[in-house]
file start-v7.txt (compact mmCIF, C-alpha atoms)
# COMPACT_ATOMS: atom_id res chain seq x y z
CA MET E 1 0.76 24.34 -27.59
CA THR E 2 3.64 26.50 -26.39
CA ILE E 3 2.23 29.95 -25.66
CA THR E 4 5.46 31.72 -24.88
CA GLU E 5 9.08 31.12 -25.57
CA ARG E 6 10.04 33.40 -22.71
CA ARG E 7 12.05 31.37 -20.24
CA MET E 8 11.02 31.71 -16.63
CA THR E 9 11.93 30.11 -13.36
CA LEU E 10 9.72 27.58 -11.61
CA GLU E 11 8.98 30.16 -8.92
CA GLU E 12 7.89 32.71 -11.51
CA PHE E 13 5.74 30.08 -13.17
CA LEU E 14 4.06 28.97 -9.94
CA ARG E 15 3.10 32.57 -9.20
CA LEU E 16 1.71 32.86 -12.72
CA ALA E 17 -0.12 29.52 -12.41
CA GLU E 18 -1.89 30.74 -9.29
CA GLU E 19 -3.55 33.40 -11.39
CA GLU E 20 -4.00 31.27 -14.45
CA PRO E 21 -4.40 27.71 -13.26
CA PRO E 22 -4.51 26.10 -16.69
CA LEU E 23 -0.89 26.78 -17.57
CA GLU E 24 1.68 24.06 -17.86
CA TYR E 25 5.41 24.38 -17.36
CA TRP E 26 8.19 22.03 -18.33
CA ASP E 27 11.66 22.55 -19.64
CA GLY E 28 11.39 26.26 -18.94
CA LYS E 29 8.45 26.77 -21.30
CA VAL E 30 4.85 27.63 -20.54
CA THR E 31 1.96 25.83 -22.21
CA ARG E 32 -1.70 25.92 -21.34
CA LYS E 33 -3.47 23.05 -19.68
CA VAL E 34 -6.12 22.52 -17.07
CA SER E 35 -4.68 22.14 -13.59
CA PRO E 36 -6.64 19.62 -11.59
CA GLN E 37 -5.13 18.33 -8.42
CA GLY E 38 -5.03 14.92 -6.77
CA LYS E 39 -8.60 14.56 -5.52
CA HIS E 40 -10.08 15.94 -8.74
CA GLY E 41 -8.04 13.56 -10.87
CA ARG E 42 -8.75 10.56 -8.67
CA LEU E 43 -12.53 11.13 -8.62
CA GLU E 44 -12.64 11.75 -12.37
CA THR E 45 -10.64 8.61 -13.14
CA LYS E 46 -12.47 6.29 -10.74
CA PHE E 47 -16.01 7.52 -11.39
CA ALA E 48 -15.53 7.01 -15.15
CA GLU E 49 -14.07 3.57 -14.40
CA ARG E 50 -17.07 2.56 -12.27
CA VAL E 51 -19.52 3.71 -14.93
CA ASN E 52 -17.61 1.90 -17.70
CA ARG E 53 -17.38 -1.32 -15.72
CA PHE E 54 -21.18 -1.27 -15.34
CA ALA E 55 -22.22 0.16 -18.70
CA GLU E 56 -19.72 -1.07 -21.31
CA PRO E 57 -20.20 -4.86 -21.17
CA PRO E 58 -23.95 -4.55 -22.03
CA ARG E 59 -23.14 -1.75 -24.51
CA LEU E 60 -25.34 0.61 -22.58
CA ALA E 61 -23.16 3.72 -22.26
CA MET E 62 -19.60 5.02 -22.12
CA ALA E 63 -17.86 7.52 -19.81
CA ILE E 64 -15.09 9.76 -21.17
CA THR E 65 -12.99 12.19 -19.14
CA GLU E 66 -12.24 15.78 -20.24
CA LEU E 67 -14.17 15.72 -23.53
CA ARG E 68 -15.25 18.84 -25.39
CA ALA E 69 -18.82 18.70 -26.70
CA THR E 70 -20.27 21.52 -28.80
CA PHE E 71 -24.05 21.79 -28.51
CA GLY E 72 -26.83 24.13 -27.43
CA GLY E 73 -24.87 27.15 -28.58
CA GLY E 74 -22.00 26.32 -26.23
CA SER E 75 -18.83 24.24 -26.12
CA PRO E 76 -18.16 23.03 -22.57
CA VAL E 77 -15.71 20.35 -21.43
CA PRO E 78 -17.28 18.40 -18.57
CA ASP E 79 -14.88 16.50 -16.29
CA VAL E 80 -16.73 13.29 -17.16
CA ALA E 81 -19.21 12.94 -20.05
CA ILE E 82 -21.44 9.87 -20.30
CA TYR E 83 -23.10 8.99 -23.61
CA ARG E 84 -25.54 6.18 -24.28
CA TRP E 85 -23.94 3.64 -26.64
CA ASP E 86 -26.09 4.50 -29.66
CA ARG E 87 -25.29 8.23 -29.32
CA ILE E 88 -21.49 7.90 -29.52
CA PRO E 89 -20.31 9.49 -32.79
CA LEU E 90 -18.12 7.19 -34.91
CA ASP E 91 -15.74 7.66 -37.83
CA PRO E 92 -16.52 5.72 -41.03
CA ASP E 93 -14.12 2.95 -39.86
CA GLY E 94 -16.00 2.56 -36.55
CA ALA E 95 -13.51 4.40 -34.31
CA ILE E 96 -14.82 6.92 -31.80
CA ALA E 97 -14.98 10.31 -33.50
CA ASP E 98 -12.94 13.28 -32.30
CA VAL E 99 -15.75 15.81 -32.53
CA PHE E 100 -18.85 15.50 -30.33
CA VAL E 101 -21.77 17.78 -31.24
CA GLU E 102 -24.53 16.53 -28.97
CA ALA E 103 -25.13 16.91 -25.25
CA PRO E 104 -23.91 14.08 -23.05
CA ASP E 105 -26.67 12.10 -21.35
CA ILE E 106 -24.89 12.73 -18.05
CA ALA E 107 -22.39 15.56 -17.45
CA VAL E 108 -20.21 15.55 -14.34
CA GLU E 109 -18.30 18.45 -12.82
CA ILE E 110 -15.93 18.11 -9.86
CA LEU E 111 -15.47 21.28 -7.82
CA SER E 112 -11.82 22.28 -7.50
CA PRO E 113 -10.58 24.25 -4.50
CA ASP E 114 -10.15 27.35 -6.69
CA GLN E 115 -13.57 27.18 -8.37
CA SER E 116 -16.76 29.01 -7.47
CA LEU E 117 -19.59 26.73 -6.30
CA LYS E 118 -22.14 29.17 -7.64
CA GLU E 119 -20.59 29.15 -11.10
CA GLN E 120 -20.39 25.35 -11.21
CA ILE E 121 -24.03 25.09 -10.14
CA ALA E 122 -24.95 27.46 -12.99
CA LYS E 123 -22.96 25.30 -15.37
CA CYS E 124 -24.75 22.13 -14.28
CA ARG E 125 -28.11 23.85 -14.78
CA TRP E 126 -26.93 24.86 -18.23
CA PHE E 127 -26.23 21.19 -19.06
CA VAL E 128 -29.73 20.02 -18.15
CA ASP E 129 -31.29 23.04 -19.85
CA HIS E 130 -29.49 22.11 -23.08
CA GLY E 131 -30.07 18.40 -23.53
CA ALA E 132 -28.35 16.49 -20.71
CA GLN E 133 -30.69 14.21 -18.80
CA ILE E 134 -28.64 14.46 -15.62
CA ALA E 135 -25.85 16.71 -14.37
CA LEU E 136 -23.81 15.92 -11.26
CA LEU E 137 -21.65 18.26 -9.22
CA PHE E 138 -19.21 16.52 -6.90
CA HIS E 139 -18.05 18.65 -3.96
CA PRO E 140 -15.02 16.89 -2.44
CA ARG E 141 -14.63 19.19 0.59
CA GLU E 142 -18.34 18.96 1.51
CA ARG E 143 -18.44 15.26 0.60
CA SER E 144 -21.69 16.04 -1.23
CA VAL E 145 -23.16 15.46 -4.68
CA ARG E 146 -25.66 17.83 -6.30
CA LEU E 147 -27.96 16.10 -8.78
CA PHE E 148 -29.67 18.17 -11.48
CA ARG E 149 -32.51 17.00 -13.73
CA PRO E 150 -34.46 18.99 -16.31
CA ASP E 151 -37.68 20.33 -14.79
CA ALA E 152 -36.86 18.95 -11.34
CA GLU E 153 -35.58 20.54 -8.18
CA LEU E 154 -31.89 20.30 -7.36
CA ARG E 155 -31.15 17.53 -4.87
CA VAL E 156 -28.16 17.64 -2.52
CA LEU E 157 -27.02 14.10 -1.68
CA ARG E 158 -24.82 13.04 1.21
CA GLY E 159 -23.65 9.98 3.09
CA ALA E 160 -25.62 6.83 2.28
CA ASP E 161 -27.78 8.60 -0.35
CA ARG E 162 -27.84 6.75 -3.67
CA ILE E 163 -26.64 8.67 -6.74
CA ASP E 164 -29.69 7.82 -8.85
CA LEU E 165 -28.71 7.62 -12.52
CA ASP E 166 -31.56 5.27 -13.49
CA ALA E 167 -32.80 7.58 -16.26
CA VAL E 168 -29.61 6.73 -18.18
CA LEU E 169 -27.98 3.81 -16.34
CA PRO E 170 -30.80 1.72 -14.85
CA GLY E 171 -29.54 -0.34 -11.92
CA PHE E 172 -26.22 1.50 -11.43
CA GLU E 173 -25.52 1.51 -7.71
CA LEU E 174 -23.28 4.08 -6.07
CA THR E 175 -23.76 6.04 -2.87
CA VAL E 176 -22.12 9.33 -1.98
CA ASN E 177 -20.09 7.43 0.62
CA ASP E 178 -18.92 4.96 -2.07
CA LEU E 179 -17.88 7.85 -4.29
CA PHE E 180 -15.73 9.66 -1.74
CA ALA E 181 -14.32 6.38 -0.38
CA MET E 182 -12.41 6.35 -3.69
CA LEU E 183 -10.26 9.11 -2.21
CA TYR E 184 -8.90 6.76 0.46
CA PRO E 185 -6.47 4.25 -0.98
CA GLY E 186 -5.50 2.93 2.48
CA MET F 1 -12.38 30.35 -13.85
CA THR F 2 -14.13 32.86 -16.08
CA ILE F 3 -11.46 34.75 -17.96
CA THR F 4 -13.65 37.28 -19.71
CA GLU F 5 -17.09 38.63 -19.18
CA ARG F 6 -17.23 39.73 -22.81
CA ARG F 7 -20.13 37.95 -24.46
CA MET F 8 -19.39 36.35 -27.79
CA THR F 9 -21.22 34.13 -30.20
CA LEU F 10 -20.47 30.42 -30.56
CA GLU F 11 -18.96 31.11 -34.00
CA GLU F 12 -16.64 33.74 -32.54
CA PHE F 13 -15.67 31.37 -29.77
CA LEU F 14 -14.95 28.45 -32.10
CA ARG F 15 -12.61 30.67 -34.13
CA LEU F 16 -10.89 31.70 -30.91
CA ALA F 17 -10.73 28.09 -29.68
CA GLU F 18 -8.87 27.10 -32.84
CA GLU F 19 -6.07 29.38 -31.80
CA GLU F 20 -6.35 28.71 -28.12
CA PRO F 21 -7.64 25.17 -27.73
CA PRO F 22 -7.86 25.20 -23.94
CA LEU F 23 -10.73 27.69 -23.75
CA GLU F 24 -14.17 26.64 -22.65
CA TYR F 25 -17.44 28.28 -23.60
CA TRP F 26 -20.86 27.94 -22.03
CA ASP F 27 -23.64 30.36 -21.38
CA GLY F 28 -21.89 32.99 -23.49
CA LYS F 29 -18.79 33.09 -21.24
CA VAL F 30 -15.26 31.97 -21.94
CA THR F 31 -13.28 29.93 -19.44
CA ARG F 32 -10.01 28.11 -19.93
CA LYS F 33 -9.78 24.36 -20.14
CA VAL F 34 -7.84 21.76 -22.04
CA SER F 35 -9.61 20.69 -25.22
CA PRO F 36 -9.10 17.02 -25.86
CA GLN F 37 -11.32 15.34 -28.37
CA GLY F 38 -12.99 11.94 -28.51
CA LYS F 39 -10.03 9.64 -29.18
CA HIS F 40 -7.81 11.46 -26.66
CA GLY F 41 -10.47 11.24 -23.95
CA ARG F 42 -11.30 7.60 -24.68
CA LEU F 43 -7.65 6.46 -24.60
CA GLU F 44 -6.94 8.42 -21.42
CA THR F 45 -9.99 7.02 -19.64
CA LYS F 46 -9.55 3.41 -20.74
CA PHE F 47 -5.78 3.18 -20.30
CA ALA F 48 -6.08 4.47 -16.72
CA GLU F 49 -8.92 1.99 -16.15
CA ARG F 50 -6.82 -0.96 -17.42
CA VAL F 51 -3.88 0.03 -15.22
CA ASN F 52 -6.10 0.47 -12.16
CA ARG F 53 -7.87 -2.86 -12.69
CA PHE F 54 -4.45 -4.56 -12.70
CA ALA F 55 -2.60 -2.48 -10.12
CA GLU F 56 -5.12 -1.41 -7.49
CA PRO F 57 -6.28 -4.75 -6.03
CA PRO F 58 -2.69 -5.72 -5.02
CA ARG F 59 -2.02 -2.10 -3.98
CA LEU F 60 0.79 -1.90 -6.48
CA ALA F 61 0.08 1.43 -8.21
CA MET F 62 -2.60 3.93 -9.19
CA ALA F 63 -3.32 5.77 -12.46
CA ILE F 64 -4.74 9.32 -12.37
CA THR F 65 -5.81 11.36 -15.41
CA GLU F 66 -4.84 15.02 -15.90
CA LEU F 67 -2.84 15.49 -12.70
CA ARG F 68 -0.38 18.32 -12.14
CA ALA F 69 2.90 17.24 -10.57
CA THR F 70 5.59 19.75 -9.64
CA PHE F 71 9.09 18.26 -9.67
CA GLY F 72 12.47 18.55 -11.36
CA GLY F 73 12.08 22.30 -11.69
CA GLY F 74 8.92 21.90 -13.76
CA SER F 75 5.17 21.49 -13.32
CA PRO F 76 3.74 19.37 -16.13
CA VAL F 77 0.30 17.77 -16.32
CA PRO F 78 0.61 14.36 -17.99
CA ASP F 79 -2.55 12.93 -19.55
CA VAL F 80 -2.15 9.89 -17.29
CA ALA F 81 0.21 9.71 -14.29
CA ILE F 82 0.94 6.37 -12.62
CA TYR F 83 2.38 6.29 -9.11
CA ARG F 84 3.46 3.24 -7.14
CA TRP F 85 1.18 2.80 -4.12
CA ASP F 86 3.76 3.79 -1.50
CA ARG F 87 4.56 7.02 -3.39
CA ILE F 88 1.02 8.44 -3.42
CA PRO F 89 0.93 11.55 -1.19
CA LEU F 90 -1.81 11.44 1.46
CA ASP F 91 -3.50 14.00 3.70
CA PRO F 92 -3.31 13.38 7.47
CA ASP F 93 -6.75 11.67 7.27
CA GLY F 94 -5.53 9.24 4.62
CA ALA F 95 -7.21 10.88 1.59
CA ILE F 96 -5.20 11.36 -1.59
CA ALA F 97 -3.47 14.74 -1.38
CA ASP F 98 -4.16 17.53 -3.84
CA VAL F 99 -0.54 18.50 -4.39
CA PHE F 100 1.92 16.06 -5.97
CA VAL F 101 5.60 17.07 -5.79
CA GLU F 102 7.36 13.97 -7.11
CA ALA F 103 7.71 12.53 -10.59
CA PRO F 104 5.20 9.86 -11.57
CA ASP F 105 6.70 6.41 -12.06
CA ILE F 106 5.06 6.34 -15.50
CA ALA F 107 3.94 9.45 -17.41
CA VAL F 108 1.67 9.11 -20.45
CA GLU F 109 1.03 11.67 -23.17
CA ILE F 110 -1.52 11.20 -25.95
CA LEU F 111 -0.79 13.15 -29.12
CA SER F 112 -3.70 15.40 -30.15
CA PRO F 113 -4.26 16.31 -33.79
CA ASP F 114 -3.14 19.89 -33.08
CA GLN F 115 0.02 18.99 -31.16
CA SER F 116 3.59 18.77 -32.42
CA LEU F 117 5.06 15.25 -32.30
CA LYS F 118 8.54 16.71 -31.82
CA GLU F 119 7.44 18.74 -28.81
CA GLN F 120 5.68 15.78 -27.20
CA ILE F 121 8.75 13.60 -27.74
CA ALA F 122 10.84 16.28 -26.02
CA LYS F 123 8.34 16.31 -23.16
CA CYS F 124 8.54 12.54 -22.71
CA ARG F 125 12.33 12.73 -22.64
CA TRP F 126 12.01 15.44 -20.00
CA PHE F 127 9.92 13.07 -17.85
CA VAL F 128 12.50 10.27 -17.89
CA ASP F 129 15.34 12.77 -17.41
CA HIS F 130 13.61 14.07 -14.26
CA GLY F 131 12.63 10.97 -12.31
CA ALA F 132 10.01 9.02 -14.27
CA GLN F 133 10.98 5.40 -14.88
CA ILE F 134 8.94 5.19 -18.06
CA ALA F 135 7.25 7.70 -20.36
CA LEU F 136 4.79 6.68 -23.06
CA LEU F 137 3.63 8.68 -26.06
CA PHE F 138 0.48 7.35 -27.71
CA HIS F 139 0.07 8.39 -31.35
CA PRO F 140 -3.54 7.61 -32.31
CA ARG F 141 -3.22 8.42 -36.02
CA GLU F 142 -0.06 6.32 -36.42
CA ARG F 143 -1.43 3.62 -34.12
CA SER F 144 1.99 3.62 -32.46
CA VAL F 145 3.40 3.93 -28.93
CA ARG F 146 6.80 5.46 -28.19
CA LEU F 147 8.39 4.07 -25.02
CA PHE F 148 11.05 6.13 -23.23
CA ARG F 149 13.35 4.89 -20.44
CA PRO F 150 16.18 6.74 -18.70
CA ASP F 151 19.49 5.87 -20.35
CA ALA F 152 17.85 3.69 -23.01
CA GLU F 153 17.06 4.25 -26.64
CA LEU F 154 13.57 5.29 -27.63
CA ARG F 155 11.49 2.33 -28.84
CA VAL F 156 8.62 2.74 -31.31
CA LEU F 157 6.04 -0.01 -30.76
CA ARG F 158 3.32 -1.09 -33.18
CA GLY F 159 0.81 -3.87 -33.79
CA ALA F 160 1.34 -6.92 -31.60
CA ASP F 161 4.28 -5.34 -29.71
CA ARG F 162 3.86 -5.53 -25.94
CA ILE F 163 3.87 -2.22 -24.02
CA ASP F 164 6.46 -3.35 -21.47
CA LEU F 165 5.83 -1.63 -18.14
CA ASP F 166 7.52 -4.36 -16.04
CA ALA F 167 9.86 -1.88 -14.34
CA VAL F 168 6.81 -0.47 -12.53
CA LEU F 169 3.92 -2.90 -13.20
CA PRO F 170 5.45 -6.38 -13.46
CA GLY F 171 3.17 -8.70 -15.42
CA PHE F 172 0.92 -6.01 -16.90
CA GLU F 173 -0.05 -7.21 -20.37
CA LEU F 174 -1.16 -4.82 -23.09
CA THR F 175 -0.19 -4.72 -26.75
CA VAL F 176 -0.37 -1.71 -29.03
CA ASN F 177 -3.25 -3.45 -30.85
CA ASP F 178 -5.08 -3.89 -27.49
CA LEU F 179 -4.61 -0.20 -26.74
CA PHE F 180 -6.02 1.15 -29.99
CA ALA F 181 -8.80 -1.46 -30.05
CA MET F 182 -10.23 0.65 -27.19
CA LEU F 183 -11.13 3.21 -29.84
CA TYR F 184 -13.61 0.79 -31.47
CA PRO F 185 -16.73 0.35 -29.37
CA GLY F 186 -18.45 -1.70 -32.09

call {"tool": "encode", "arguments": {"input": "start-v7.txt", "output": "structure tokens"}}
result
Amino acid sequence: MTITERRMTLEEFLRLAEEEPPLEYWDGKVTRKVSPQGKHGRLETKFAERVNRFAEPPRLAMAITELRATFGGGSPVPDVAIYRWDRIPLDPDGAIADVFVEAPDIAVEILSPDQSLKEQIAKCRWFVDHGAQIALLFHPRERSVRLFRPDAELRVLRGADRIDLDAVLPGFELTVNDLFAMLYPG
Amino acid sequence: MTITERRMTLEEFLRLAEEEPPLEYWDGKVTRKVSPQGKHGRLETKFAERVNRFAEPPRLAMAITELRATFGGGSPVPDVAIYRWDRIPLDPDGAIADVFVEAPDIAVEILSPDQSLKEQIAKCRWFVDHGAQIALLFHPRERSVRLFRPDAELRVLRGADRIDLDAVLPGFELTVNDLFAMLYPG
């Protein structure tokens, strides 16, 4: 994964990483990697955990972070992808496959400080136009969640609004307040 | 995050993505992003979940996926970073900060099919040489876990071996078999 053997200083790298956020630096070498920060990582980890705690025991669905799925003529990597149990691709020995070629039932994007809201909204629309039943866009600074459905108007949820995932996860209960409370470990 | 406005076909993109795995493609546009596959994403999600279920209720530690931390003259992004509770940086309002500038207590890397084992071993050594108390390297194809400690010999764990994280998470119980069983949803 090393993309250059040119040695550089940390300061040089941090300037470079500002322009190209998905670069990684260790031991003087640059490699590429996505660069999410604390809030992004926390929300991704905890939202997937909440979904799995609800949906795995009844074998209803599974949430996976940072998974590439190639479908609908595209190959996006949603921050969290949720697949119904019977749609998870398996190897012959029953292990989860490496390659996913169908749309997730729910695709989640978390807006990073350096990302364009407009572009992430377009991406969420793309998900529901190409097979996802629901797309969610978490906006940590606004403390809002945008919920996209095929053939339905975008809904902007805040505060005590329920994040309604019943089309895929009937009975899953989480409000916008619950979601962003995950950011406060105190 | 769009890195080119040049339109390309999915086939062109997939050839490009073979050379540059962290690119993302949707709606005919290329953006950069890490490209983990099913087993990588599942192990990352579930290992963080197991750690959080054990370590969050007593406010002992927190696991975060795909978090950049800048320390020791480097800026790596471990697949899972575990910080003891009192070392988690907070904003003035108590929310988890975006910028992490200290080494995680435990850094976890999951070997992808396209990654060099030698390079990932070197990266794990770098973690424990620069402040991490433990680094773990999961090798899904080998069904093995390499455990690195500062000033200790590398241990290669398999089968019923316990993944001993007592230095940071005393009492946390997980064997190598338990870890890779997470790959089998059946």

call {"tool": "closest_residue", "arguments": {"input": "start-v7.txt", "among": "E:Tyr184, E:Phe172, E:Ser116, E:Asp93", "to": "chain F", "atoms": "all atoms listed in the file"}}
result
E:Tyr184

call {"tool": "closest_residue", "arguments": {"input": "start-v7.txt", "among": "E:Ala181, E:Ile110, E:Phe54, E:Lys39", "to": "Leu90 (chain F)", "atoms": "only C-alpha atoms"}}
result
E:Lys39

call {"tool": "closest_residue", "arguments": {"input": "start-v7.txt", "among": "F:Ala48, F:Ala81, F:Ile121, F:Ala95", "to": "Leu179 (chain F)", "atoms": "only C-alpha atoms"}}
result
F:Ala48

call {"tool": "residues_around", "arguments": {"input": "start-v7.txt", "residues": "Gly186 (chain F)", "least_positions_apart": "4", "cutoff": "12 Å", "atoms": "only C-alpha atoms", "output": "tab-separated table (two decimals) with C-alpha atoms, in the coordinates of the input"}}
result
chain	number	residue	atom	x	y	z
E	56	GLU	CA	-19.72	-1.07	-21.31
E	57	PRO	CA	-20.20	-4.86	-21.17
E	58	PRO	CA	-23.95	-4.55	-22.03
E	59	ARG	CA	-23.14	-1.75	-24.51
E	60	LEU	CA	-25.34	0.61	-22.58
E	85	TRP	CA	-23.94	3.64	-26.64
E	86	ASP	CA	-26.09	4.50	-29.66
E	88	ILE	CA	-21.49	7.90	-29.52
E	89	PRO	CA	-20.31	9.49	-32.79
E	90	LEU	CA	-18.12	7.19	-34.91
E	91	ASP	CA	-15.74	7.66	-37.83
E	92	PRO	CA	-16.52	5.72	-41.03
E	93	ASP	CA	-14.12	2.95	-39.86
E	94	GLY	CA	-16.00	2.56	-36.55
E	95	ALA	CA	-13.51	4.40	-34.31
E	96	ILE	CA	-14.82	6.92	-31.80
F	181	ALA	CA	-8.80	-1.46	-30.05
F	182	MET	CA	-10.23	0.65	-27.19

call {"tool": "axis_aligned_box", "arguments": {"input": "start-v7.txt", "around": "region 104-109 of chain F", "padding_each_side": "6 Å", "output": "lines of an AutoDock Vina configuration file"}}
result
center_x = 3.9
center_y = 9.0
center_z = -17.4
size_x = 17.7
size_y = 17.3
size_z = 23.6

call {"tool": "atom_distance", "arguments": {"input": "start-v7.txt", "atom1": "CA of Ala160 (chain F)", "atom2": "CA of Leu183 (chain F)"}}
result
16.2 Å

call {"tool": "closest_residue", "arguments": {"input": "start-v7.txt", "among": "E:Arg50, E:Arg149, E:Arg68, E:Arg141", "to": "chain F", "atoms": "only C-alpha atoms"}}
result
E:Arg68

call {"tool": "closest_residue", "arguments": {"input": "start-v7.txt", "among": "F:Trp126, F:Phe71, F:Phe138, F:Phe148", "to": "Leu43 (chain F)", "atoms": "all atoms listed in the file"}}
result
F:Phe138

call {"tool": "atom_distance", "arguments": {"input": "start-v7.txt", "atom1": "CA of Ala103 (chain F)", "atom2": "CA of Lys118 (chain F)"}}
result
21.7 Å

call {"tool": "atom_distance", "arguments": {"input": "start-v7.txt", "atom1": "CA of Arg155 (chain F)", "atom2": "CA of Leu136 (chain F)"}}
result
9.9 Å

call {"tool": "closest_residue", "arguments": {"input": "start-v7.txt", "among": "F:Asp105, F:Asp79, F:Glu119, F:Glu44", "to": "Leu165 (chain F)", "atoms": "all atoms listed in the file"}}
result
F:Asp105

call {"tool": "residues_around", "arguments": {"input": "start-v7.txt", "residues": "Glu49 (chain E)", "least_positions_apart": "4", "cutoff": "10 Å", "atoms": "only C-alpha atoms", "output": "tab-separated table (two decimals) with C-alpha atoms, in the coordinates of the input"}}
result
chain	number	residue	atom	x	y	z
E	43	LEU	CA	-12.53	11.13	-8.62
E	44	GLU	CA	-12.64	11.75	-12.37
E	45	THR	CA	-10.64	8.61	-13.14
E	53	ARG	CA	-17.38	-1.32	-15.72
E	54	PHE	CA	-21.18	-1.27	-15.34
E	55	ALA	CA	-22.22	0.16	-18.70
E	62	MET	CA	-19.60	5.02	-22.12
E	63	ALA	CA	-17.86	7.52	-19.81
E	64	ILE	CA	-15.09	9.76	-21.17
E	65	THR	CA	-12.99	12.19	-19.14
F	45	THR	CA	-9.99	7.02	-19.64
F	46	LYS	CA	-9.55	3.41	-20.74
F	48	ALA	CA	-6.08	4.47	-16.72
F	49	GLU	CA	-8.92	1.99	-16.15
F	50	ARG	CA	-6.82	-0.96	-17.42
F	52	ASN	CA	-6.10	0.47	-12.16
F	53	ARG	CA	-7.87	-2.86	-12.69

call {"tool": "decode", "arguments": {"input": "start-v7.txt", "residues": "region 88-106 of chain F", "atoms": "N, CA and C atoms", "output": "compact mmCIF listing (two decimals), in the first residue's frame"}}
result
# COMPACT_ATOMS: atom_id res chain seq x y z
N ILE F 88 -9.12 9.71 26.40
CA ILE F 88 -9.90 10.12 25.23
C ILE F 88 -9.98 11.65 25.20
N PRO F 89 -9.51 12.29 24.12
CA PRO F 89 -9.56 13.76 24.08
C PRO F 89 -11.00 14.24 23.89
N LEU F 90 -11.37 15.29 24.63
CA LEU F 90 -12.73 15.81 24.59
C LEU F 90 -12.73 17.28 24.18
N ASP F 91 -13.80 17.70 23.51
CA ASP F 91 -14.05 19.12 23.26
C ASP F 91 -14.47 19.78 24.58
N PRO F 92 -14.46 21.12 24.63
CA PRO F 92 -14.90 21.80 25.85
C PRO F 92 -16.31 21.37 26.31
N ASP F 93 -17.20 21.02 25.37
CA ASP F 93 -18.55 20.61 25.75
C ASP F 93 -18.66 19.13 26.14
N GLY F 94 -17.52 18.43 26.15
CA GLY F 94 -17.55 17.04 26.58
C GLY F 94 -17.68 16.02 25.46
N ALA F 95 -17.87 16.48 24.21
CA ALA F 95 -17.94 15.55 23.07
C ALA F 95 -16.54 15.04 22.73
N ILE F 96 -16.49 13.84 22.18
CA ILE F 96 -15.22 13.29 21.72
C ILE F 96 -14.61 14.24 20.70
N ALA F 97 -13.33 14.54 20.85
CA ALA F 97 -12.65 15.46 19.94
C ALA F 97 -12.47 14.82 18.58
N ASP F 98 -12.21 15.65 17.58
CA ASP F 98 -11.92 15.11 16.25
C ASP F 98 -10.45 14.73 16.10
N VAL F 99 -9.58 15.45 16.78
CA VAL F 99 -8.15 15.27 16.57
C VAL F 99 -7.53 14.51 17.74
N PHE F 100 -6.88 13.40 17.44
CA PHE F 100 -6.23 12.58 18.45
C PHE F 100 -4.72 12.70 18.26
N VAL F 101 -4.00 13.10 19.30
CA VAL F 101 -2.56 13.34 19.16
C VAL F 101 -1.75 12.49 20.13
N GLU F 102 -2.34 11.39 20.63
CA GLU F 102 -1.54 10.45 21.42
C GLU F 102 -1.74 9.05 20.88
N ALA F 103 -0.79 8.19 21.19
CA ALA F 103 -0.87 6.80 20.73
C ALA F 103 -2.06 6.11 21.37
N PRO F 104 -2.76 5.24 20.61
CA PRO F 104 -3.77 4.41 21.27
C PRO F 104 -3.09 3.44 22.24
N ASP F 105 -3.83 3.01 23.26
CA ASP F 105 -3.28 1.99 24.15
C ASP F 105 -3.15 0.66 23.42
N ILE F 106 -4.13 0.36 22.56
CA ILE F 106 -4.06 -0.84 21.72
C ILE F 106 -4.37 -0.41 20.28
